[in-house]
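Okay, structure first, notes after.
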Number of protein chains: 6
Amino acid sequence: MNRNIETFIGCDNEYDEAKMVIFGAPFDSTTSFRPGTRFASKAMRSESFGIETYSIYQNKDLEDMSIFDGGDLELPFGNPQKALDQIEEFASEIINDDKVPCMIGGEHLVTLGSVRAVAKKYPDLHIIHFDAHADLRDSYLGETLSHASVMHRVWDIVGDNKIFQFGIRSGDREEIYWGKDHVYTSKFNFTGLEEVIEKLKGKPVYFTIDLDVLDPSVFPGTGTPEAGGVTFMQLLGAILKVSKLNIVGMDVNELSPIYDQSGSSTALACKVLRELLLSTYKA
Amino acid sequence: MNRNIETFIGCDNEYDEAKMVIFGAPFDSTTSFRPGTRFASKAMRSESFGIETYSIYQNKDLEDMSIFDGGDLELPFGNPQKALDQIEEFASEIINDDKVPCMIGGEHLVTLGSVRAVAKKYPDLHIIHFDAHADLRDSYLGETLSHASVMHRVWDIVGDNKIFQFGIRSGDREEIYWGKDHVYTSKFNFTGLEEVIEKLKGKPVYFTIDLDVLDPSVFPGTGTPEAGGVTFMQLLGAILKVSKLNIVGMDVNELSPIYDQSGSSTALACKVLRELLLSTYKA
Amino acid sequence: MNRNIETFIGCDNEYDEAKMVIFGAPFDSTTSFRPGTRFASKAMRSESFGIETYSIYQNKDLEDMSIFDGGDLELPFGNPQKALDQIEEFASEIINDDKVPCMIGGEHLVTLGSVRAVAKKYPDLHIIHFDAHADLRDSYLGETLSHASVMHRVWDIVGDNKIFQFGIRSGDREEIYWGKDHVYTSKFNFTGLEEVIEKLKGKPVYFTIDLDVLDPSVFPGTGTPEAGGVTFMQLLGAILKVSKLNIVGMDVNELSPIYDQSGSSTALACKVLRELLLSTYKA
Amino acid sequence: MNRNIETFIGCDNEYDEAKMVIFGAPFDSTTSFRPGTRFASKAMRSESFGIETYSIYQNKDLEDMSIFDGGDLELPFGNPQKALDQIEEFASEIINDDKVPCMIGGEHLVTLGSVRAVAKKYPDLHIIHFDAHADLRDSYLGETLSHASVMHRVWDIVGDNKIFQFGIRSGDREEIYWGKDHVYTSKFNFTGLEEVIEKLKGKPVYFTIDLDVLDPSVFPGTGTPEAGGVTFMQLLGAILKVSKLNIVGMDVNELSPIYDQSGSSTALACKVLRELLLSTYKA
Amino acid sequence: MNRNIETFIGCDNEYDEAKMVIFGAPFDSTTSFRPGTRFASKAMRSESFGIETYSIYQNKDLEDMSIFDGGDLELPFGNPQKALDQIEEFASEIINDDKVPCMIGGEHLVTLGSVRAVAKKYPDLHIIHFDAHADLRDSYLGETLSHASVMHRVWDIVGDNKIFQFGIRSGDREEIYWGKDHVYTSKFNFTGLEEVIEKLKGKPVYFTIDLDVLDPSVFPGTGTPEAGGVTFMQLLGAILKVSKLNIVGMDVNELSPIYDQSGSSTALACKVLRELLLSTYKA
Amino acid sequence: MNRNIETFIGCDNEYDEAKMVIFGAPFDSTTSFRPGTRFASKAMRSESFGIETYSIYQNKDLEDMSIFDGGDLELPFGNPQKALDQIEEFASEIINDDKVPCMIGGEHLVTLGSVRAVAKKYPDLHIIHFDAHADLRDSYLGETLSHASVMHRVWDIVGDNKIFQFGIRSGDREEIYWGKDHVYTSKFNFTGLEEVIEKLKGKPVYFTIDLDVLDPSVFPGTGTPEAGGVTFMQLLGAILKVSKLNIVGMDVNELSPIYDQSGSSTALACKVLRELLLSTYKA
């Protein structure tokens, strides 16, 4: 008999054979409004058994792929710097083994740890960023390591014209004005995505999806629901487009199961992750 | 003084005068993920008093029609075969009295009991099936009587080219491939519905609506929310089209009130049932 | 040190300098189905700190405007007439100081108090009314002062051809037929809004938004969710159009926080109010 | 086939044969804090099928008794006087037919309607009142007909030394001081109940149970949870004692199902009603 | 790197070394009222990390013991007989390896599978049964395999005077009367437990705890909350007494996480399981 | 007209006249299990209007006292050290003005900031600590500033034999053993409290109440519900005893409104705070 193994559905391969590695980064200490994203990765593993491994959309099946689920990191609540160090270290190990890391947040700040790891290997890294919020502040409540400033911190690493944001519909005036000079921003939806994809062909790309890019009607289970977002089918279409690029790292974040009383947000997050894995997987 | 009578709004006619008969089939023992549809019919009766009997969409009023609400069957939990027998028997009585049965599930398996009854009278029965899930497996967890295999069991009765599915966006690979040879499937939405209706003119049709065909944003109150579904207005449009056919039996199922914390799914289910009754009613 | 002041975000100006005045009317005693709108104004103040003062949609910021938040009226539950008197008195004071009142309901009946105040100053008052329900009954359960008859009571004041309804998708047969002779009604959405705006240019307009005009998918947090409504972006577009008129009073009502478990309805209501204030504000 | 009849479990006898009559008074318009008791009677009927008709405590069975469930009154929200008139009229009919009325509230104000009816027949009426709150204010928010003043209104009818309160642990200073001169009050629990029962032997007694006399741990499903209450076993013991008196009318009120997410408060209310019926029933 | 292992806290030993084996039996198909116990074992594993491995009550630590968590059985919903067979087979394997099985339900019917396995090895098996409900019916809704008849089925195996029930406060008249002749029943609490323990010294005992023996105030998260139960400290005291016996099998069941919105029932169930393991463990 | 002022009920005096000062410390970044205590102070202010200013228990009224509510500090999430500095600074200002600070947490770590401020003025400070958890770890997940180590940090300041804990029923083995040498611990309840009070007469005492000392049945609304706690009446009795000492600072913490669906935990926390203020207030 074996001890109880719990992975995201269809991702129960051994590490050595895997091309992709899922792991959870259950951290939400800088969340300023409603915390709870720390529970996302556990909830997604558990609820993933409510969906199929097979996708009608792509006619592909997770059972044909080799993906490893490394479980959750044990991160120190209240210490963002140390948490980011742990994430960077773990992601670096995956990258050094020539596998693609796919992190499940957690608040959006965790992306910084993973981007640090990926950028070390790929200095010309580009970022595709789906989100309702610009996350471009230089600091928030006096802190530079905050969910609200994560893309500014990523910009510290990758520099101008490397970050491409889509779906943005919230920010304070200052960050929005700052962003005009430093990042590409498509407001409200995915307008312009095809041109961006054309431009990034062949380049290493980190793909970060803040699930609150979705309209709260389809994704209420998040700490900062922001009306006016995209539909699931729009998001799926955009993911399938981005997946044609050379994705060297990715993450899905900001699911907060405690605000998902019906379970539909968690189910949707599982489906997004499945489609993301199926579409970006390279055998 | 009379004992407390509780019916779906506007459906308080006597049996003998009624042209249509509503009844509940509160059964969900084979539900493999999240149970709770057993509470749907009670919740719908209770919450129906939050909607009107009059429909602005159709300019019709339930008060002008003669519909009987027979309450809920008392079904044995844990014994699907016996439950289906009871449903079949009850539906048969209605059909033999030349009335149209309209069952409120329950999990989708209950459809099988009602279809058995209807098919006895109408050997050339066709099925119009709205659903997110194909429900075409031959068995599930070793059981042939399962919500996940109900349409396969219906196919056992009606045979090839009699089942027309719409809205399907989930299934395992095997059932989807099997379905290609045996049933008509329109993925994701109602594309092709008009052609199907043209084809089925004059034929006896059983109309089964799994409410999870709706997007979870409009219908979160269900056990297996599946992103990427249709809107209420799309569903309403499709129902109005189907209602032009010779509907000899119908059901609405898979509402799970416990996952409907806001009450909006139950209210929507009531509205769907009202529109369904108003549109298919023949004086 | 100052006592704890709590206002809607960005509306913390002094009364004397303010051009607009927000106040809450926490009353829901005539709500016939599911009460709870009495908690809307408190919830909106509290949750407004989850949104920004700046709007990307309009490139405007509440911090550039002078708006006063007068808190909530203390209304007597169970006595609609006295509650309406208090609302009328408070709104009159605002209007007499040449400020624009913006009331947060409460059930829709509270609109009557505010309209009474505004109509005294503007005899040629016109009403723009966004709602799922016609609210045109002469009485409901024997009461003439009811949420279900509020627009009939408003009609008592303003008369024929002064009320313009949009988004209506529910009503009983009698009120719908009555409405055809007395008010302008656009069913389901905002069709015809531009013509109406053209027509009302220069006239004094009271703008009342029953938030259940939105689809329950985007706004589940209300007592009578009515499927088939508009999206947030449609509502926002319509508000921006209406804001070109001479708005002399307005209200936003029918948020019921208790049915908003995820918090997304309250967040949306805050965003609607922000956009409404930003668009109608005249310096 | 019969239309769907729904009664409290075991109370499905015909009116003419019944010794007791249950009815619901779904009214909560004067509730000043959190409304929702209007849903209590419906919820209790529905959930009563989760308990047995037989009581181990009393070794009695509802199936051996003849009790009629008359359903719910249709009361006008927002008009307390008219609602009380309807309750009084209905209760009077029951009393005139020599049956004992057992009302399910609603907010506590509904007790006034029933007491009015009973006091007409029994001028020497005494009141046993279990509650967390004294409900003795002369008026509340300017209203004399309020849940917070209901026992003062009852005192207007029955006069000094006729009201016996138990479990009281909340009130404003004024009403508590007033009460010292006019009613018997036992604070916190049932101390003194036996002496009171001894004293009231043979006299006609109206028994009103505000379920918030229970500690919120056992009964969270109420609008104004007040810590420090009694346990279920204490309440049951007290009911069994009171049942030895000549109970000529009774009610159970203040269950608010919307705050009873686990369902345990509704189940408890059903059990209290069962024990109350079983213990006071006279064949 | 290892695949993600998830066990109940402190129970992550290998099978071969373990003295005790935990496993989940996620089955609730015969639940007649509110289903959901199928989610108990998963929820308990996940939430167990909110408690400590160390018990102040016993001054013992799970880290000093060798316990294996075998995960959940995959049981066929809707087929009680097959589900019981699988449970019996799994429990038999554990017993044959000289380990003590500790099953997490699931509805109470699952106990039958485990008792069958244990009784094969220990023909003189005695049962200690903590529960609110007698569970002694011969059949329920026509089914002999039902949660409501599980102790009658256990009696079929062990016979008269072998079953000792404590905490019973609900049942129908017939089963209570039947029980008087066949089982030992202590109503409401643990009165008589010490005498029973004295009597069963040295005999093989199966210990089944239906957590609804607890008062719903401390354990609301169950399908059939029954007021008037024991406190946690009473239950803990009783467990510590029973643990002195020769426990050859045990289970904890009827947690239904979906009715445990605050999480306190799940946390309590984890604590009960911890104390049960710590107290019955034999090195 | 005045801007909307929101204080805890009856605590709306001006700062200069006040003898006591309430303030909120909405911080929960180190919470390792379920966050949410950041919302406690806001929820308590809002819900406090559901209780009276008058206490039947003490026959005292907040309206006779002069207490100031300074609102909430704006603390940087994710930076415990800076948050503690802000709390210390704010509390110091209150103490230097010869007023008694009464902080509303937040997670228990916030106590450290307030104790630092108080200990500067009162070097002989003693601590009375009500809690379910010992909170005595030296560090947790590698962090020394953690809710789980707060009393160890307080010990760093006050030293041996100055901390008196009551109600403790959870901890890891190491901290419990460490505590035996350094602090006074009464397990499970308030045994020994009278002796401690006798001993501390005349000494300056900081009184910290972690509300999870209460049993989860009466206080489910907390992140780490720990079965086996005290009742409200036991807590009230203990508070009344402690209030005889020279309380120079105090706090109430660990309410997490998001887990308090019924609202009863928030109502109880308000009542505890009222009784605490009424009993410790010195005119």
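Labels for the structure tokens follow display order: chains A, B, ..., residues from 1 in each chain, ligands from 1.
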Dump as CSV the rows for residues of chain C within 8 Å of chain F: closest atom pair and distance in Å with one decimal, only C-alpha atoms counted, ordered by chain and rising residue number.
```
residue,atom,partner,partner_atom,distance
C:Met1,CA,F:Tyr15,CA,6.3
C:Asn2,CA,F:Gly70,CA,6.5
C:Arg3,CA,F:Gly70,CA,5.4
C:Asn4,CA,F:Gly71,CA,4.6
C:Ile5,CA,F:Ile5,CA,4.3
C:Glu6,CA,F:Asn4,CA,5.6
C:Thr7,CA,F:Asn4,CA,6.1
C:Asp12,CA,F:Arg3,CA,7.1
C:Asn13,CA,F:Arg3,CA,7.9
C:Glu14,CA,F:Arg3,CA,6.9
C:Tyr15,CA,F:Met1,CA,6.3
C:Phe68,CA,F:Arg3,CA,7.1
C:Asp69,CA,F:Arg3,CA,6.0
C:Gly70,CA,F:Arg3,CA,5.4
C:Gly71,CA,F:Asn4,CA,4.6
C:Asp72,CA,F:Asn4,CA,7.9
```
Resulting file, chosen residues, C-alpha atoms, as a compact mmCIF listing (two decimals), in the first residue's frame:
```
# COMPACT_ATOMS: atom_id res chain seq x y z
CA MET C 1 -7.08 62.87 17.29
CA ASN C 2 -10.34 62.72 15.40
CA ARG C 3 -13.24 60.43 15.82
CA ASN C 4 -13.48 57.73 13.21
CA ILE C 5 -14.94 59.14 9.99
CA GLU C 6 -16.17 56.68 7.43
CA THR C 7 -17.27 57.85 4.01
CA ASP C 12 -14.76 63.00 2.45
CA ASN C 13 -15.24 66.69 1.70
CA GLU C 14 -17.05 69.13 3.96
CA TYR C 15 -20.71 69.81 3.28
CA PHE C 68 -19.90 65.03 0.86
CA ASP C 69 -21.09 61.80 2.44
CA GLY C 70 -23.78 62.54 5.01
CA GLY C 71 -24.06 59.01 6.31
CA ASP C 72 -27.32 57.16 6.75
```
Those in segment 21-251 of chain D with strand (DSSP E) from DSSP, as a PyMOL selection string: chain D and resi 21-25+54-55+60-61+67-72+100-105+126-130+163-168+184-187+204-210+246-251
Take the residues just selected and output them with C-alpha atoms as a compact mmCIF listing (two decimals), in the first residue's frame.
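And here is the file that came out, result23.txt:
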```txt
# COMPACT_ATOMS: atom_id res chain seq x y z
CA VAL D 21 -53.97 24.61 14.66
CA ILE D 22 -50.55 25.64 13.42
CA PHE D 23 -50.20 28.66 11.16
CA GLY D 24 -47.39 30.88 9.99
CA ALA D 25 -47.21 34.66 10.37
CA TYR D 54 -41.84 10.45 17.82
CA SER D 55 -40.12 11.98 20.85
CA LYS D 60 -45.22 10.48 22.55
CA ASP D 61 -45.86 10.63 18.81
CA ILE D 67 -53.23 18.80 14.52
CA PHE D 68 -54.01 20.94 11.49
CA ASP D 69 -51.50 23.08 9.62
CA GLY D 70 -53.26 26.02 8.00
CA GLY D 71 -50.25 27.28 6.09
CA ASP D 72 -49.11 30.89 6.09
CA VAL D 100 -55.62 26.05 20.37
CA PRO D 101 -53.71 28.32 18.00
CA CYS D 102 -49.97 27.80 17.67
CA MET D 103 -48.43 30.53 15.58
CA ILE D 104 -45.01 30.39 13.94
CA GLY D 105 -43.44 33.86 13.60
CA HIS D 126 -51.49 35.50 31.76
CA ILE D 127 -48.39 35.50 29.63
CA ILE D 128 -45.32 33.31 29.91
CA HIS D 129 -42.58 34.85 27.86
CA PHE D 130 -39.19 33.25 27.09
CA ILE D 163 -46.49 38.91 32.25
CA PHE D 164 -43.74 36.51 33.36
CA GLN D 165 -40.46 36.81 31.51
CA PHE D 166 -37.57 34.36 31.60
CA GLY D 167 -34.09 34.36 30.14
CA ILE D 168 -33.88 38.14 29.71
CA TYR D 184 -42.09 39.63 36.52
CA THR D 185 -38.61 39.19 35.07
CA SER D 186 -36.19 36.33 35.62
CA LYS D 187 -32.82 37.23 34.21
CA PRO D 204 -55.50 30.74 31.08
CA VAL D 205 -51.97 31.20 29.81
CA TYR D 206 -50.55 32.40 26.52
CA PHE D 207 -47.08 30.96 25.98
CA THR D 208 -44.70 32.89 23.72
CA ILE D 209 -41.24 31.60 22.94
CA ASP D 210 -38.73 33.90 21.33
CA ASN D 246 -53.80 25.68 30.83
CA ILE D 247 -52.23 26.88 27.60
CA VAL D 248 -54.85 28.59 25.45
CA GLY D 249 -52.54 29.97 22.81
CA MET D 250 -48.86 29.89 21.95
CA ASP D 251 -46.23 30.89 19.48
```
Hey, what's within 6 Å of segment 172-178 of chain E if we count only C-alpha atoms and toss same-chain stuff fewer than 2 positions away? As JSON, numbers by chain, please? {"D": [54], "E": [136, 137, 180, 181]}
Suppose we keep all heavy atoms; can you now write the selection as a PDB file, in the first residue's frame?
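Saved file again30.pdb follows:
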```pdb
ATOM      1  N   TYR D  54     -41.899  11.037  16.492  1.00  0.00           N
ATOM      2  CA  TYR D  54     -41.839  10.447  17.822  1.00  0.00           C
ATOM      3  C   TYR D  54     -40.769  11.144  18.661  1.00  0.00           C
ATOM      4  O   TYR D  54     -39.683  11.445  18.172  1.00  0.00           O
ATOM      5  CB  TYR D  54     -41.512   8.954  17.695  1.00  0.00           C
ATOM      6  CG  TYR D  54     -41.241   8.247  19.000  1.00  0.00           C
ATOM      7  CD1 TYR D  54     -42.285   7.943  19.873  1.00  0.00           C
ATOM      8  CD2 TYR D  54     -39.952   7.860  19.355  1.00  0.00           C
ATOM      9  CE1 TYR D  54     -42.039   7.278  21.078  1.00  0.00           C
ATOM     10  CE2 TYR D  54     -39.697   7.197  20.543  1.00  0.00           C
ATOM     11  CZ  TYR D  54     -40.745   6.909  21.405  1.00  0.00           C
ATOM     12  OH  TYR D  54     -40.493   6.253  22.583  1.00  0.00           O
TER      13      TYR D  54
ATOM     14  N   LEU E 136     -31.540   1.796  14.120  1.00  0.00           N
ATOM     15  CA  LEU E 136     -31.940   0.412  14.361  1.00  0.00           C
ATOM     16  C   LEU E 136     -33.098  -0.069  13.488  1.00  0.00           C
ATOM     17  O   LEU E 136     -33.619  -1.160  13.695  1.00  0.00           O
ATOM     18  CB  LEU E 136     -32.337   0.235  15.841  1.00  0.00           C
ATOM     19  CG  LEU E 136     -31.209   0.263  16.860  1.00  0.00           C
ATOM     20  CD1 LEU E 136     -31.777   0.310  18.277  1.00  0.00           C
ATOM     21  CD2 LEU E 136     -30.286  -0.935  16.699  1.00  0.00           C
ATOM     22  N   ARG E 137     -33.524   0.728  12.516  1.00  0.00           N
ATOM     23  CA  ARG E 137     -34.657   0.298  11.690  1.00  0.00           C
ATOM     24  C   ARG E 137     -34.291  -0.956  10.897  1.00  0.00           C
ATOM     25  O   ARG E 137     -33.126  -1.157  10.562  1.00  0.00           O
ATOM     26  CB  ARG E 137     -35.025   1.409  10.693  1.00  0.00           C
ATOM     27  CG  ARG E 137     -35.411   2.690  11.402  1.00  0.00           C
ATOM     28  CD  ARG E 137     -35.830   3.734  10.407  1.00  0.00           C
ATOM     29  NE  ARG E 137     -35.901   5.023  11.083  1.00  0.00           N
ATOM     30  CZ  ARG E 137     -36.818   5.949  10.810  1.00  0.00           C
ATOM     31  NH1 ARG E 137     -37.713   5.747   9.872  1.00  0.00           N
ATOM     32  NH2 ARG E 137     -36.833   7.076  11.462  1.00  0.00           N
ATOM     33  N   LYS E 180     -35.121  -2.018  22.669  1.00  0.00           N
ATOM     34  CA  LYS E 180     -35.177  -2.380  24.089  1.00  0.00           C
ATOM     35  C   LYS E 180     -34.905  -3.857  24.324  1.00  0.00           C
ATOM     36  O   LYS E 180     -34.381  -4.248  25.375  1.00  0.00           O
ATOM     37  CB  LYS E 180     -36.548  -2.001  24.672  1.00  0.00           C
ATOM     38  CG  LYS E 180     -36.703  -0.486  24.777  1.00  0.00           C
ATOM     39  CD  LYS E 180     -38.051  -0.047  25.346  1.00  0.00           C
ATOM     40  CE  LYS E 180     -38.156   1.477  25.206  1.00  0.00           C
ATOM     41  NZ  LYS E 180     -39.270   2.062  25.946  1.00  0.00           N
ATOM     42  N   ASP E 181     -35.232  -4.686  23.348  1.00  0.00           N
ATOM     43  CA  ASP E 181     -35.049  -6.123  23.500  1.00  0.00           C
ATOM     44  C   ASP E 181     -33.705  -6.629  22.985  1.00  0.00           C
ATOM     45  O   ASP E 181     -33.347  -7.791  23.226  1.00  0.00           O
ATOM     46  CB  ASP E 181     -36.163  -6.869  22.739  1.00  0.00           C
ATOM     47  CG  ASP E 181     -37.520  -6.578  23.338  1.00  0.00           C
ATOM     48  OD1 ASP E 181     -37.587  -6.317  24.555  1.00  0.00           O
ATOM     49  OD2 ASP E 181     -38.511  -6.597  22.588  1.00  0.00           O
TER      50      ASP E 181
END
```
Please measure the separation of atom CA of Asp260 of chain D and atom CA of Thr224 of chain B, giving the value in Å to one decimal.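 Straight-line distance from atom CA of Asp260 of chain D to atom CA of Thr224 of chain B works out to 24.7 Å.
In the backbone-derived DSSP annotation, alpha helix (DSSP H) within segment 76-137 of chain E comprises Pro80, Gln81, Lys82, Ala83, Leu84, Asp85, Gln86, Ile87, Glu88, Glu89, Phe90, Ala91, Ser92, Glu93, Ile94, Ile95, Asn96, Val110, Thr111, Leu112, Gly113, Ser114, Val115, Arg116, Ala117, Val118, Ala119, Lys120 and Lys121 of chain E.
The interatomic distance for the pair atom CA of Leu84 of chain F and atom CA of Met151 of chain F works out to 14.2 Å.
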Taking 4 positions as the minimum chain separation for residues in the same chain, which residues sit within 7 Å of Pro216 of chain B when counting only C-alpha atoms? Answer as a PDB file with all heavy atoms, in the first residue's frame.
```pdb
ATOM      1  N   VAL A 218     -17.988  35.301 -13.914  1.00  0.00           N
ATOM      2  CA  VAL A 218     -17.461  33.963 -14.141  1.00  0.00           C
ATOM      3  C   VAL A 218     -16.417  33.569 -13.108  1.00  0.00           C
ATOM      4  O   VAL A 218     -16.114  32.397 -12.947  1.00  0.00           O
ATOM      5  CB  VAL A 218     -16.871  33.787 -15.563  1.00  0.00           C
ATOM      6  CG1 VAL A 218     -17.976  33.839 -16.591  1.00  0.00           C
ATOM      7  CG2 VAL A 218     -15.815  34.821 -15.881  1.00  0.00           C
ATOM      8  N   SER A 264     -17.676  27.308  -8.352  1.00  0.00           N
ATOM      9  CA  SER A 264     -17.505  27.449  -9.801  1.00  0.00           C
ATOM     10  C   SER A 264     -16.202  28.141 -10.168  1.00  0.00           C
ATOM     11  O   SER A 264     -15.641  27.876 -11.229  1.00  0.00           O
ATOM     12  CB  SER A 264     -18.706  28.167 -10.419  1.00  0.00           C
ATOM     13  OG  SER A 264     -18.864  29.443  -9.860  1.00  0.00           O
TER      14      SER A 264
ATOM     15  N   PRO B 220     -24.585  29.140 -11.123  1.00  0.00           N
ATOM     16  CA  PRO B 220     -23.573  28.514 -10.276  1.00  0.00           C
ATOM     17  C   PRO B 220     -24.119  27.350  -9.447  1.00  0.00           C
ATOM     18  O   PRO B 220     -23.350  26.510  -8.987  1.00  0.00           O
ATOM     19  CB  PRO B 220     -23.117  29.658  -9.363  1.00  0.00           C
ATOM     20  CG  PRO B 220     -24.252  30.616  -9.333  1.00  0.00           C
ATOM     21  CD  PRO B 220     -24.890  30.516 -10.688  1.00  0.00           C
ATOM     22  N   PRO B 225     -20.074  22.607 -12.077  1.00  0.00           N
ATOM     23  CA  PRO B 225     -20.074  23.803 -12.920  1.00  0.00           C
ATOM     24  C   PRO B 225     -18.999  23.708 -13.993  1.00  0.00           C
ATOM     25  O   PRO B 225     -17.851  23.377 -13.686  1.00  0.00           O
ATOM     26  CB  PRO B 225     -19.764  24.934 -11.936  1.00  0.00           C
ATOM     27  CG  PRO B 225     -19.069  24.285 -10.794  1.00  0.00           C
ATOM     28  CD  PRO B 225     -19.623  22.897 -10.699  1.00  0.00           C
ATOM     29  N   GLU B 226     -19.357  23.968 -15.201  1.00  0.00           N
ATOM     30  CA  GLU B 226     -18.453  23.793 -16.346  1.00  0.00           C
ATOM     31  C   GLU B 226     -18.409  25.099 -17.128  1.00  0.00           C
ATOM     32  O   GLU B 226     -19.383  25.468 -17.804  1.00  0.00           O
ATOM     33  CB  GLU B 226     -18.987  22.639 -17.210  1.00  0.00           C
ATOM     34  CG  GLU B 226     -18.110  22.220 -18.355  1.00  0.00           C
ATOM     35  CD  GLU B 226     -16.848  21.473 -17.912  1.00  0.00           C
ATOM     36  OE1 GLU B 226     -16.927  20.618 -17.017  1.00  0.00           O
ATOM     37  OE2 GLU B 226     -15.782  21.806 -18.465  1.00  0.00           O
ATOM     38  N   ALA B 227     -17.300  25.793 -17.024  1.00  0.00           N
ATOM     39  CA  ALA B 227     -17.170  27.112 -17.660  1.00  0.00           C
ATOM     40  C   ALA B 227     -17.377  27.032 -19.164  1.00  0.00           C
ATOM     41  O   ALA B 227     -17.167  25.987 -19.769  1.00  0.00           O
ATOM     42  CB  ALA B 227     -15.799  27.693 -17.359  1.00  0.00           C
TER      43      ALA B 227
END
```
